[in-house]
>>> print(open('entry25.csv').read())   # CSV, C-alpha atoms
chain,number,residue,atom,x,y,z
H,213,MET,CA,92.6,-73.8,-233.3
H,214,ASP,CA,89.5,-75.7,-234.1
H,215,ILE,CA,87.9,-78.3,-231.8
H,216,LEU,CA,89.5,-81.3,-233.6
H,217,ASP,CA,93.0,-79.7,-233.1
H,218,LEU,CA,92.3,-79.1,-229.4
H,219,ILE,CA,91.0,-82.6,-228.8
H,220,SER,CA,94.0,-84.1,-230.6
H,221,LEU,CA,96.4,-81.9,-228.5
H,222,LEU,CA,94.8,-83.0,-225.2
H,223,ILE,CA,94.8,-86.7,-226.1
H,224,PHE,CA,98.5,-86.5,-227.2
H,225,LEU,CA,99.4,-84.7,-223.9
H,226,SER,CA,97.4,-87.2,-221.9
H,227,ALA,CA,99.4,-90.1,-223.4
H,228,ALA,CA,102.7,-88.3,-223.1
H,229,PHE,CA,102.2,-87.2,-219.5
H,230,THR,CA,100.9,-90.6,-218.5
H,231,LEU,CA,104.1,-92.2,-220.0
H,232,VAL,CA,106.3,-89.7,-218.0
H,233,ASN,CA,104.4,-90.4,-214.8
H,234,ILE,CA,104.5,-94.1,-215.2
H,235,THR,CA,108.2,-94.2,-216.1
H,236,TYR,CA,109.7,-91.5,-213.9
H,237,LEU,CA,107.4,-89.9,-211.3
H,238,LYS,CA,105.3,-93.0,-210.4
H,239,LEU,CA,102.7,-90.8,-208.6
H,240,PRO,CA,99.0,-91.6,-208.4
H,241,HIS,CA,97.7,-91.3,-212.0
H,242,THR,CA,95.6,-88.1,-211.7
H,243,ILE,CA,97.9,-86.4,-209.3
H,244,GLY,CA,100.9,-87.1,-211.5
H,245,LEU,CA,99.2,-85.7,-214.6
H,246,MET,CA,98.2,-82.5,-212.8
H,247,ALA,CA,101.7,-82.0,-211.3
H,248,ILE,CA,103.3,-82.3,-214.8
H,249,ALA,CA,100.7,-79.9,-216.3
H,250,LEU,CA,101.4,-77.4,-213.4
H,251,VAL,CA,105.2,-77.6,-214.0
H,252,MET,CA,104.6,-77.1,-217.8
H,253,SER,CA,102.4,-74.1,-217.0
H,254,ILE,CA,105.1,-72.5,-214.9
H,255,VAL,CA,107.7,-73.1,-217.7
H,256,ILE,CA,105.4,-71.6,-220.3
H,257,LEU,CA,104.8,-68.5,-218.1
H,258,LEU,CA,108.6,-68.1,-217.5
H,259,LEU,CA,109.3,-68.4,-221.2
H,260,GLY,CA,106.6,-65.9,-221.8
H,261,LEU,CA,108.6,-63.3,-219.9
H,262,ILE,CA,111.3,-63.6,-222.6
H,263,PHE,CA,109.2,-64.7,-225.6
H,264,PRO,CA,105.6,-63.2,-225.0
H,265,SER,CA,104.3,-65.0,-228.0
H,266,VAL,CA,104.7,-68.4,-226.2
H,267,SER,CA,102.4,-67.4,-223.3
H,268,ASP,CA,100.0,-65.6,-225.6
H,269,LEU,CA,99.6,-68.8,-227.7
H,270,ALA,CA,99.1,-70.9,-224.5
H,271,ILE,CA,96.5,-68.4,-223.2
H,272,GLN,CA,94.7,-68.4,-226.6
H,273,ILE,CA,94.5,-72.2,-226.7
H,274,MET,CA,93.1,-72.4,-223.1
H,275,GLU,CA,90.5,-69.7,-223.9
H,276,ASP,CA,89.5,-71.6,-227.0
H,277,PHE,CA,89.0,-74.7,-224.9
H,278,ASP,CA,86.4,-73.3,-222.6
H,279,PHE,CA,87.1,-75.2,-219.4
H,280,LYS,CA,83.8,-74.5,-217.6
H,281,GLU,CA,81.7,-75.3,-220.7
H,282,VAL,CA,83.7,-78.5,-221.4
H,283,LEU,CA,83.5,-79.8,-217.8
H,284,LEU,CA,80.0,-78.7,-216.7
H,285,ASN,CA,78.1,-79.4,-220.0
H,286,VAL,CA,80.1,-82.3,-221.4
H,287,MET,CA,82.6,-84.2,-219.3
H,288,LEU,CA,80.8,-84.1,-215.9
H,289,SER,CA,77.8,-86.2,-217.0
H,290,PHE,CA,80.0,-89.0,-218.4
H,291,LEU,CA,82.4,-88.9,-215.4
H,292,LEU,CA,79.6,-89.1,-212.8
H,293,PHE,CA,77.7,-91.8,-214.6
H,294,ALA,CA,80.9,-93.9,-215.0
H,295,GLY,CA,81.9,-93.3,-211.4
H,296,ALA,CA,78.4,-94.3,-210.1
H,297,MET,CA,78.5,-97.5,-212.2
H,298,SER,CA,81.5,-98.7,-210.1
H,299,ILE,CA,79.7,-98.2,-206.7
H,300,ASN,CA,78.3,-101.3,-204.9
H,301,LEU,CA,74.6,-100.4,-204.6
H,302,ARG,CA,73.9,-102.9,-201.8
H,303,MET,CA,76.7,-101.4,-199.6
H,304,LEU,CA,75.6,-97.9,-200.6
H,305,LEU,CA,72.1,-98.6,-199.3
H,306,GLN,CA,73.5,-99.9,-196.0
H,307,GLU,CA,75.3,-96.6,-195.5
H,308,LYS,CA,72.6,-94.4,-197.0
H,309,TRP,CA,72.0,-92.3,-193.9
H,310,PRO,CA,75.6,-91.2,-193.2
H,311,ILE,CA,76.1,-90.5,-196.9
H,312,LEU,CA,72.8,-88.5,-197.2
H,313,ILE,CA,73.5,-86.5,-194.1
H,314,LEU,CA,77.1,-85.7,-195.0
H,315,ALA,CA,76.1,-84.8,-198.6
H,316,THR,CA,73.4,-82.4,-197.4
H,317,ILE,CA,74.0,-81.1,-193.9
H,318,GLY,CA,77.7,-81.3,-194.3
H,319,VAL,CA,77.8,-79.2,-197.5
H,320,LEU,CA,75.3,-76.6,-196.1
H,321,VAL,CA,77.3,-76.3,-192.8
H,322,SER,CA,80.6,-76.0,-194.7
H,323,THR,CA,79.1,-73.4,-197.1
H,324,PHE,CA,77.9,-71.2,-194.2
H,325,ILE,CA,81.2,-71.5,-192.3
H,326,VAL,CA,83.4,-70.8,-195.4
H,327,GLY,CA,81.3,-67.9,-196.6
H,328,THR,CA,81.2,-66.2,-193.2
H,329,LEU,CA,84.9,-66.6,-192.3
H,330,MET,CA,86.0,-65.6,-195.8
H,331,TYR,CA,84.0,-62.4,-195.6
H,332,TYR,CA,86.1,-61.4,-192.6
H,333,ALA,CA,89.3,-62.7,-194.3
H,334,PHE,CA,88.6,-60.6,-197.4
H,335,THR,CA,87.9,-57.5,-195.2
H,336,PHE,CA,91.0,-58.1,-193.1
H,337,VAL,CA,93.2,-58.1,-196.2
H,338,GLY,CA,91.5,-55.0,-197.5
H,339,PHE,CA,89.1,-56.3,-200.2
H,340,GLU,CA,85.4,-55.2,-200.2
H,341,ILE,CA,83.1,-58.1,-201.0
H,342,THR,CA,79.4,-58.8,-200.4
H,343,LEU,CA,78.4,-61.6,-198.0
H,344,VAL,CA,76.4,-63.3,-200.8
H,345,HIS,CA,79.5,-63.5,-203.0
H,346,CYS,CA,81.4,-65.1,-200.1
H,347,TYR,CA,78.6,-67.7,-199.8
H,348,LEU,CA,79.0,-68.4,-203.5
H,349,PHE,CA,82.7,-69.2,-202.8
H,350,GLY,CA,81.6,-71.4,-199.9
H,351,ALA,CA,79.1,-73.2,-202.1
H,352,LEU,CA,81.6,-73.9,-204.9
H,353,ILE,CA,84.4,-75.0,-202.7
H,354,SER,CA,82.5,-77.1,-200.1
H,355,PRO,CA,81.5,-80.2,-202.1
H,356,THR,CA,84.3,-82.7,-202.5
H,357,ASP,CA,85.0,-83.5,-206.1
H,358,PRO,CA,83.8,-87.0,-207.0
H,359,ILE,CA,86.2,-87.3,-209.9
H,360,ALA,CA,89.3,-86.6,-207.7
H,361,VAL,CA,87.9,-88.6,-204.7
H,362,LEU,CA,87.0,-91.7,-206.6
H,363,ALA,CA,90.4,-91.9,-208.3
H,364,LEU,CA,91.9,-91.7,-204.8
H,365,VAL,CA,89.6,-94.2,-203.1
H,366,LYS,CA,90.2,-96.9,-205.7
H,367,LYS,CA,93.9,-96.9,-204.8
H,368,ALA,CA,93.6,-96.6,-201.0
H,369,ASN,CA,93.5,-99.6,-198.7
H,370,LEU,CA,90.3,-98.6,-196.9
H,371,SER,CA,87.7,-100.8,-195.2
H,372,LYS,CA,84.7,-101.3,-197.5
H,373,ASN,CA,82.3,-99.4,-195.2
H,374,LEU,CA,84.6,-96.3,-195.1
H,375,GLU,CA,85.3,-96.6,-198.8
H,376,ILE,CA,81.6,-96.5,-199.7
H,377,LYS,CA,81.0,-93.6,-197.3
H,378,ILE,CA,83.7,-91.5,-199.0
H,379,ALA,CA,82.7,-92.5,-202.5
H,380,GLY,CA,79.0,-92.1,-202.0
H,381,GLU,CA,79.3,-88.8,-200.2
H,382,SER,CA,81.5,-87.4,-203.0
H,383,LEU,CA,79.1,-88.4,-205.7
H,384,PHE,CA,76.0,-87.0,-204.0
H,385,ASN,CA,77.4,-83.9,-202.4
H,386,ASP,CA,78.7,-82.9,-205.9
H,387,GLY,CA,75.1,-82.7,-207.1
H,388,ILE,CA,73.9,-81.0,-203.9
H,389,GLY,CA,76.8,-78.5,-204.0
H,390,VAL,CA,75.9,-77.5,-207.6
H,391,VAL,CA,72.3,-77.0,-206.5
H,392,VAL,CA,73.3,-74.8,-203.5
H,393,PHE,CA,75.7,-72.8,-205.8
H,394,LEU,CA,72.9,-72.2,-208.3
H,395,THR,CA,70.4,-71.3,-205.6
H,396,ILE,CA,72.8,-68.7,-204.1
H,397,MET,CA,73.5,-67.4,-207.6
H,398,GLY,CA,69.8,-67.0,-208.1
H,399,ILE,CA,69.5,-65.0,-204.9
H,400,ASP,CA,72.4,-62.7,-206.0
H,401,GLU,CA,70.8,-62.2,-209.4
H,402,ARG,CA,67.5,-61.2,-207.8
H,403,GLY,CA,69.2,-58.5,-205.8
H,404,GLY,CA,71.0,-60.2,-202.9
H,405,ALA,CA,69.8,-60.9,-199.4
H,406,ASP,CA,67.4,-58.0,-199.5
H,407,SER,CA,65.2,-59.9,-201.9
H,408,PHE,CA,65.5,-63.3,-200.2
H,409,ASP,CA,62.4,-65.3,-200.2
H,410,ALA,CA,62.7,-68.5,-198.1
H,411,LEU,CA,59.8,-70.3,-199.7
H,412,GLU,CA,61.0,-69.5,-203.2
H,413,VAL,CA,64.5,-70.6,-202.5
H,414,ALA,CA,63.3,-73.8,-200.8
H,415,GLY,CA,61.1,-74.5,-203.8
H,416,LEU,CA,64.0,-74.0,-206.2
H,417,PHE,CA,66.2,-76.3,-204.1
H,418,ALA,CA,63.6,-79.0,-203.9
H,419,ARG,CA,62.8,-78.9,-207.6
H,420,GLU,CA,66.5,-79.3,-208.5
H,421,VAL,CA,67.1,-82.1,-206.1
H,422,ILE,CA,63.9,-84.1,-206.3
H,423,GLY,CA,63.6,-83.5,-210.1
H,424,GLY,CA,67.2,-84.7,-210.6
H,425,LEU,CA,66.7,-87.8,-208.5
H,426,GLY,CA,63.4,-88.6,-210.2
H,427,ILE,CA,64.5,-88.2,-213.8
H,428,GLY,CA,67.7,-90.2,-213.0
H,429,ALA,CA,65.6,-93.0,-211.5
H,430,VAL,CA,63.2,-93.1,-214.5
H,431,PHE,CA,66.0,-93.2,-217.1
H,432,GLY,CA,68.0,-95.6,-215.0
H,433,TYR,CA,65.2,-98.1,-214.6
H,434,MET,CA,64.1,-97.9,-218.2
H,435,GLY,CA,67.6,-98.2,-219.4
H,436,LEU,CA,68.2,-101.2,-217.2
H,437,LYS,CA,65.1,-103.0,-218.5
H,438,LEU,CA,66.2,-102.3,-222.1
H,439,LEU,CA,69.7,-103.6,-221.4
H,440,ASP,CA,68.2,-106.7,-219.8
H,441,PHE,CA,66.1,-107.2,-222.9
H,442,ILE,CA,69.2,-106.9,-225.2
H,443,ASP,CA,71.3,-110.0,-225.7
H,444,ASN,CA,74.8,-109.4,-224.2
H,445,ASP,CA,76.3,-110.5,-227.5
H,446,HIS,CA,75.3,-107.2,-229.0
H,447,VAL,CA,78.0,-105.2,-227.3
H,448,GLU,CA,77.8,-102.2,-229.7
H,449,LEU,CA,74.1,-101.8,-229.0
H,450,GLU,CA,74.5,-101.9,-225.2
H,451,VAL,CA,77.2,-99.2,-225.5
H,452,LEU,CA,75.0,-97.0,-227.7
H,453,VAL,CA,72.1,-97.4,-225.3
H,454,THR,CA,74.2,-96.3,-222.3
H,455,LEU,CA,75.7,-93.4,-224.2
H,456,SER,CA,72.3,-92.2,-225.4
H,457,MET,CA,71.0,-92.5,-221.8
H,458,VAL,CA,73.6,-90.1,-220.6
H,459,LEU,CA,73.3,-87.6,-223.4
H,460,VAL,CA,69.5,-87.5,-223.5
H,461,CYS,CA,69.1,-87.4,-219.7
H,462,ALA,CA,71.6,-84.7,-219.3
H,463,ARG,CA,70.0,-82.6,-222.0
H,464,LEU,CA,66.5,-83.2,-220.6
H,465,SER,CA,67.6,-82.3,-217.1
H,466,GLU,CA,69.0,-79.0,-218.4
H,467,MET,CA,65.7,-78.2,-220.2
H,468,LEU,CA,63.6,-79.0,-217.1
H,469,HIS,CA,66.0,-77.1,-214.8
H,470,VAL,CA,66.6,-80.0,-212.5
H,471,SER,CA,70.0,-81.3,-211.2
H,472,GLY,CA,71.8,-83.1,-214.0
H,473,PRO,CA,74.6,-84.3,-211.8
H,474,LEU,CA,72.2,-86.0,-209.4
H,475,ALA,CA,70.4,-87.6,-212.3
H,476,MET,CA,73.7,-89.0,-213.6
H,477,VAL,CA,74.6,-90.5,-210.2
H,478,ILE,CA,71.2,-92.2,-209.8
H,479,MET,CA,71.2,-93.5,-213.4
H,480,GLY,CA,74.8,-94.9,-213.0
H,481,LEU,CA,73.7,-96.7,-209.8
H,482,PHE,CA,70.9,-98.4,-211.6
H,483,VAL,CA,73.0,-99.5,-214.6
H,484,GLY,CA,76.2,-100.5,-212.6
H,485,ASN,CA,77.2,-104.1,-212.1
H,486,GLU,CA,77.9,-104.0,-208.4
H,487,GLY,CA,75.4,-105.0,-205.7
H,488,ARG,CA,72.3,-105.4,-207.9
H,489,GLY,CA,69.6,-108.0,-207.3
H,490,ASP,CA,69.5,-111.3,-209.2
H,491,GLU,CA,66.8,-110.0,-211.5
H,492,PHE,CA,69.1,-107.7,-213.3
H,493,ALA,CA,72.5,-109.2,-212.3
H,494,SER,CA,73.7,-109.7,-215.8
H,495,ALA,CA,71.8,-106.9,-217.6
H,496,THR,CA,74.9,-104.8,-218.2
H,497,GLY,CA,77.6,-106.7,-220.1
H,498,GLU,CA,81.2,-106.9,-219.1
H,499,TYR,CA,82.3,-105.0,-222.2
H,500,VAL,CA,80.0,-102.1,-221.4
H,501,TYR,CA,81.6,-101.8,-218.0
H,502,LYS,CA,85.0,-101.9,-219.6
H,503,PHE,CA,84.0,-99.2,-222.1
H,504,TRP,CA,82.9,-96.9,-219.3
H,505,HIS,CA,85.9,-97.6,-217.2
H,506,LEU,CA,88.2,-96.7,-220.2
H,507,LEU,CA,86.2,-93.6,-220.9
H,508,ASP,CA,86.3,-92.6,-217.2
H,509,GLU,CA,90.1,-93.0,-217.1
H,510,SER,CA,90.7,-91.1,-220.3
H,511,LEU,CA,88.4,-88.2,-219.4
H,512,ASN,CA,90.0,-88.1,-215.9
H,513,ALA,CA,93.4,-87.7,-217.5
H,514,ILE,CA,92.3,-84.9,-219.7
H,515,LEU,CA,90.5,-83.1,-216.9
H,516,PHE,CA,93.4,-83.0,-214.5
H,517,ILE,CA,95.7,-81.8,-217.3
H,518,LEU,CA,93.2,-79.0,-218.0
H,519,VAL,CA,93.2,-78.1,-214.3
H,520,GLY,CA,97.0,-77.9,-214.3
H,521,PHE,CA,97.1,-75.7,-217.5
H,522,GLU,CA,94.3,-73.5,-216.2
H,523,MET,CA,97.0,-71.8,-214.1
H,524,ILE,CA,98.2,-70.1,-217.3
H,525,VAL,CA,94.9,-68.2,-217.5
H,526,ILE,CA,94.4,-67.6,-213.8
H,527,SER,CA,97.9,-66.2,-213.4
H,528,GLN,CA,97.0,-63.3,-215.7
H,529,SER,CA,94.9,-61.6,-213.0
H,530,PHE,CA,96.9,-62.9,-210.0
H,531,VAL,CA,98.4,-60.4,-207.5
H,532,VAL,CA,100.4,-61.0,-204.3
H,533,ASP,CA,97.4,-60.3,-202.0
H,534,TYR,CA,95.5,-63.1,-203.8
H,535,PHE,CA,98.2,-65.5,-202.7
H,536,ALA,CA,97.8,-64.5,-199.1
H,537,LEU,CA,94.1,-64.9,-199.3
H,538,GLY,CA,94.6,-68.3,-201.0
H,539,LEU,CA,96.6,-69.5,-198.0
H,540,MET,CA,93.9,-68.3,-195.7
H,541,SER,CA,91.3,-70.0,-197.9
H,542,ILE,CA,93.0,-73.4,-197.5
H,543,SER,CA,92.9,-73.2,-193.7
H,544,ILE,CA,89.3,-72.0,-193.6
H,545,VAL,CA,88.1,-74.6,-196.1
H,546,LEU,CA,89.8,-77.4,-194.1
H,547,ALA,CA,88.4,-76.1,-190.8
H,548,ALA,CA,84.9,-75.9,-192.4
H,549,ARG,CA,85.2,-79.4,-193.8
H,550,PHE,CA,86.2,-80.8,-190.4
H,551,ILE,CA,83.2,-79.2,-188.7
H,552,GLY,CA,80.9,-80.2,-191.5
H,553,VAL,CA,82.0,-83.8,-191.0
H,554,ALA,CA,82.6,-84.0,-187.3
H,555,LEU,CA,79.3,-82.4,-186.3
H,556,PRO,CA,77.0,-84.9,-188.1
H,557,ILE,CA,79.2,-87.9,-187.3
H,558,GLY,CA,79.4,-87.0,-183.6
H,559,ILE,CA,75.6,-87.1,-183.5
H,560,MET,CA,75.3,-90.3,-185.6
H,561,LYS,CA,77.8,-92.1,-183.4
H,562,ARG,CA,75.0,-92.5,-180.9
H,563,PHE,CA,73.2,-94.7,-183.3
H,564,ARG,CA,75.8,-96.5,-185.4
H,565,HIS,CA,79.4,-97.5,-185.5
H,566,PHE,CA,82.1,-95.5,-187.3
H,567,GLU,CA,85.7,-96.7,-188.0
H,568,LYS,CA,88.7,-95.2,-186.2
H,569,ASN,CA,89.9,-91.9,-187.8
H,570,THR,CA,86.7,-91.6,-189.9
H,571,VAL,CA,86.5,-87.9,-189.3
H,572,ALA,CA,90.2,-87.3,-190.0
H,573,ILE,CA,90.1,-89.4,-193.2
H,574,LEU,CA,86.9,-87.8,-194.5
H,575,THR,CA,88.3,-84.3,-193.7
H,576,TRP,CA,91.8,-84.8,-195.3
H,577,GLY,CA,90.4,-87.0,-198.1
H,578,GLY,CA,87.8,-84.5,-199.1
H,579,LEU,CA,89.6,-83.4,-202.3
H,580,ARG,CA,88.5,-80.4,-204.4
H,581,GLY,CA,89.0,-80.6,-208.1
H,582,GLY,CA,88.0,-79.4,-211.5
H,583,LEU,CA,84.3,-78.9,-210.6
H,584,SER,CA,85.1,-76.1,-208.1
H,585,VAL,CA,87.3,-74.4,-210.7
H,586,ALA,CA,84.6,-74.8,-213.4
H,587,MET,CA,81.9,-73.3,-211.1
H,588,ALA,CA,84.2,-70.4,-210.2
H,589,LEU,CA,84.8,-69.7,-213.9
H,590,SER,CA,81.0,-69.8,-214.5
H,591,LEU,CA,80.5,-66.8,-212.2
H,592,PRO,CA,79.2,-63.9,-214.3
H,593,ASP,CA,81.7,-61.2,-215.2
H,594,SER,CA,79.4,-58.7,-213.4
H,595,ILE,CA,80.7,-60.0,-210.1
H,596,ALA,CA,83.7,-57.6,-209.5
H,597,GLU,CA,85.4,-60.1,-207.2
H,598,LYS,CA,85.3,-63.0,-209.8
H,599,ASP,CA,89.1,-63.0,-210.3
H,600,LEU,CA,89.7,-63.0,-206.5
H,601,ILE,CA,87.3,-65.9,-205.9
H,602,LEU,CA,88.8,-67.8,-208.8
H,603,SER,CA,92.3,-67.4,-207.5
H,604,CYS,CA,91.3,-68.6,-204.0
H,605,THR,CA,89.5,-71.5,-205.5
H,606,TYR,CA,92.6,-72.5,-207.5
H,607,CYS,CA,94.9,-72.3,-204.5
H,608,VAL,CA,92.5,-74.6,-202.5
H,609,VAL,CA,92.2,-77.1,-205.5
H,610,VAL,CA,96.0,-77.3,-206.1
H,611,PHE,CA,96.7,-77.8,-202.4
H,612,SER,CA,93.9,-80.3,-202.1
H,613,ILE,CA,95.1,-82.5,-204.9
H,614,LEU,CA,98.9,-82.3,-204.5
H,615,VAL,CA,99.3,-82.1,-200.7
H,616,GLN,CA,96.2,-83.9,-199.4
H,617,GLY,CA,96.1,-86.4,-202.2
H,618,LEU,CA,99.7,-87.4,-201.7
H,619,THR,CA,99.6,-87.6,-197.9
H,620,ILE,CA,96.2,-89.2,-197.3
H,621,GLY,CA,97.8,-92.7,-197.6
H,622,LYS,CA,99.9,-92.1,-194.6
H,623,LEU,CA,96.9,-90.9,-192.6
H,624,ILE,CA,95.0,-94.1,-193.6
H,625,LYS,CA,97.9,-96.3,-192.4
H,626,SER,CA,98.3,-94.5,-189.1
>>> encode(input="entry25.csv", output="structure tokens")
Amino acid sequence: MDILDLISLLIFLSAAFTLVNITYLKLPHTIGLMAIALVMSIVILLLGLIFPSVSDLAIQIMEDFDFKEVLLNVMLSFLLFAGAMSINLRMLLQEKWPILILATIGVLVSTFIVGTLMYYAFTFVGFEITLVHCYLFGALISPTDPIAVLALVKKANLSKNLEIKIAGESLFNDGIGVVVFLTIMGIDERGGADSFDALEVAGLFAREVIGGLGIGAVFGYMGLKLLDFIDNDHVELEVLVTLSMVLVCARLSEMLHVSGPLAMVIMGLFVGNEGRGDEFASATGEYVYKFWHLLDESLNAILFILVGFEMIVISQSFVVDYFALGLMSISIVLAARFIGVALPIGIMKRFRHFEKNTVAILTWGGLRGGLSVAMALSLPDSIAEKDLILSCTYCVVVFSILVQGLTIGKLIKS
């Protein structure tokens, strides 16, 4: 199938699955779409036992539509920019320290805990794996997925302060998580822990983070000034400006080896309508916001359908022991998330107020999604444990979205 056929198929499935969910399931939008895609994946795999050509065709289609390439290099930039546009900048600045600490220290603590405990879990089940590769798994599974979290937060009845903490943390720890993942990947490619150079690693981390924030701020400010200069009657020009900002900034970030996700978040905060000063209050027209909201909803639908269908590919290398490790991974990731949230919040409570059940809500509401799957798929084939890591990642993501996503509302109301 060529790219046009694949896009047509995904858009058709998005519309069909949305209709089924709205009419019959009535689940939260993204959760419902993923659940339907998972059920269809299981049906296809069962039919494949009788008619092998069915599953072979499905596998071929999924392989043609390279999930990691589509998400990491295409969809992620648009989704993060659109998500950041909907954040209230003034409230985000009021909660900047909790968000910054949770997005950095929280992710690093969780990465270390997950990597260490999974090393012993793999050994217990009988799989040999290096500690560096366990930390790779910790890095890709520790950041909460902003795409999944923002979709959840918009529907939850949370206080504004808690809502901005969850949304802000998910946006920034996504970028930090990708940087940590790439840093550990660099260590592994250089020969593992034996070749570890603290200064070199710190420099790489700082360049990715500071560079991403800097280029996002430059593009965001310049874009905002340009939008302010353009008359809001020229809707098509405003839309083209924002689209070009995302595409050019993402490409430039890749060329300069700085964090594209962080650049998208900062740029989206600059351009967004919410919480800006009077000087640029009307710079971004209403139709631009509606365009990005529509694009965000459409890409979200496609993404969660792809996550559900990715089961068809992952199942080809799945064995029973992987399922046992997947269940262990879920418990370990949740425990690490709890510690990564409770530890910094416990310290910050001495200086500022946190709402009741903040730790519990942040822990259970920290959903993992397509980004974790994409990073696991991006692991080089030279890593012998790639299939094992991918299977554990998928188990955590499915549990996170279906179980945590469907039950977080009850926790919020309690």
>>> closest_atom_pairs(input="entry25.csv", of="region 480-562 of chain H", to="region 216-232 of chain H", cutoff="8 Å", atoms="only C-alpha atoms", output="JSON lines")
{"residue": "H:Ser510", "atom": "CA", "partner": "H:Ser226", "partner_atom": "CA", "distance": 7.9}
{"residue": "H:Ala513", "atom": "CA", "partner": "H:Ser226", "partner_atom": "CA", "distance": 6.0}
{"residue": "H:Ile514", "atom": "CA", "partner": "H:Ser226", "partner_atom": "CA", "distance": 6.0}
{"residue": "H:Ile517", "atom": "CA", "partner": "H:Ser226", "partner_atom": "CA", "distance": 7.3}
>>> atom_distance(input="entry25.csv", atom1="CA of Ser267 (chain H)", atom2="CA of Ile526 (chain H)")
12.4 Å
>>> residues_around(input="entry25.csv", residues="Ile620 (chain H)", least_positions_apart="3", cutoff="8 Å", atoms="all atoms listed in the file", output="PyMOL selection string")
chain H and resi 573+576-577+616-617+623-624
>>> residues_around(input="entry25.csv", residues="Glu450 (chain H)", least_positions_apart="2", cutoff="12 Å", atoms="all atoms listed in the file", output="count of residues only")
31
>>> atom_distance(input="entry25.csv", atom1="CA of Gly327 (chain H)", atom2="CA of Val532 (chain H)")
21.7 Å
>>> residues_around(input="entry25.csv", residues="Met246 (chain H)", least_positions_apart="2", cutoff="7 Å", atoms="only C-alpha atoms", output="ChimeraX atom specification")
/H:242-244,248-250,516-517,519-520
>>> write_last_selection(input="entry25.csv", atoms="C-alpha atoms", output="compact mmCIF listing (two decimals), keeping the file's coordinate frame")
# COMPACT_ATOMS: atom_id res chain seq x y z
CA THR H 242 95.60 -88.10 -211.70
CA ILE H 243 97.90 -86.40 -209.30
CA GLY H 244 100.90 -87.10 -211.50
CA ILE H 248 103.30 -82.30 -214.80
CA ALA H 249 100.70 -79.90 -216.30
CA LEU H 250 101.40 -77.40 -213.40
CA PHE H 516 93.40 -83.00 -214.50
CA ILE H 517 95.70 -81.80 -217.30
CA VAL H 519 93.20 -78.10 -214.30
CA GLY H 520 97.00 -77.90 -214.30
>>> residues_around(input="entry25.csv", residues="Ser382 (chain H)", least_positions_apart="3", cutoff="7 Å", atoms="all atoms listed in the file", output="ChimeraX atom specification")
/H:356-358,361,378-379,385-386
>>> closest_residue(input="entry25.csv", among="H:Leu506, H:Leu394, H:Ile388, H:Leu258", to="Ala588 (chain H)", atoms="only C-alpha atoms")
H:Leu394
>>> closest_atom_pairs(input="entry25.csv", of="region 483-592 of chain H", to="region 300-322 of chain H", cutoff="12 Å", atoms="all atoms listed in the file", output="CSV")
residue,atom,partner,partner_atom,distance
H:Val483,CA,H:Leu301,CA,10.2
H:Gly484,CA,H:Asn300,CA,8.0
H:Asn485,CA,H:Asn300,CA,7.8
H:Glu486,CA,H:Asn300,CA,4.4
H:Gly487,CA,H:Arg302,CA,4.7
H:Arg488,CA,H:Leu301,CA,6.4
H:Gly489,CA,H:Arg302,CA,8.6
H:Ala493,CA,H:Leu301,CA,11.9
H:Ile544,CA,H:Ser322,CA,9.6
H:Val545,CA,H:Ser322,CA,7.8
H:Leu546,CA,H:Ser322,CA,9.3
H:Ala547,CA,H:Ser322,CA,8.7
H:Ala548,CA,H:Ser322,CA,4.9
H:Arg549,CA,H:Ser322,CA,5.8
H:Phe550,CA,H:Ser322,CA,8.5
H:Ile551,CA,H:Ser322,CA,7.3
H:Gly552,CA,H:Gly318,CA,4.4
H:Val553,CA,H:Gly318,CA,6.0
H:Ala554,CA,H:Gly318,CA,9.0
H:Leu555,CA,H:Gly318,CA,8.2
H:Pro556,CA,H:Leu314,CA,6.9
H:Ile557,CA,H:Pro310,CA,7.7
H:Gly558,CA,H:Pro310,CA,11.1
H:Ile559,CA,H:Pro310,CA,10.5
H:Met560,CA,H:Pro310,CA,7.7
H:Lys561,CA,H:Pro310,CA,10.1
H:Phe563,CA,H:Pro310,CA,10.8
H:Arg564,CA,H:Pro310,CA,9.4
H:His565,CA,H:Pro310,CA,10.6
H:Phe566,CA,H:Pro310,CA,9.8
H:Thr570,CA,H:Pro310,CA,11.6
H:Val571,CA,H:Leu314,CA,11.2
H:Leu574,CA,H:Leu314,CA,10.0
H:Thr575,CA,H:Gly318,CA,11.0
H:Gly578,CA,H:Val319,CA,11.4
>>> atom_distance(input="entry25.csv", atom1="CA of Leu292 (chain H)", atom2="CA of Leu602 (chain H)")
23.5 Å
>>> residues_near_point(input="entry25.csv", point="(81.0, -73.3, -217.9)", cutoff="6 Å", atoms="all atoms listed in the file", output="list in words")
Lys280, Glu281, Leu284, Ala586 and Ser590 of chain H
>>> closest_residue(input="entry25.csv", among="H:Leu348, H:Met434, H:Met467, H:Ile256", to="Pro592 (chain H)", atoms="all atoms listed in the file")
H:Leu348
>>> residues_around(input="entry25.csv", residues="Ile601 (chain H)", least_positions_apart="2", cutoff="12 Å", atoms="only C-alpha atoms", output="MDAnalysis selection string")
chainID H and resid 327 330:331 334 339 341:342 345:353 526 529:530 534:535 537:538 541 584:593 595:599 603:608
>>> axis_aligned_box(input="entry25.csv", around="region 221-227 of chain H", padding_each_side="6 Å", output="JSON")
{"center_x": 97.1, "center_y": -86.0, "center_z": -225.2, "size_x": 16.6, "size_y": 20.2, "size_z": 18.6}
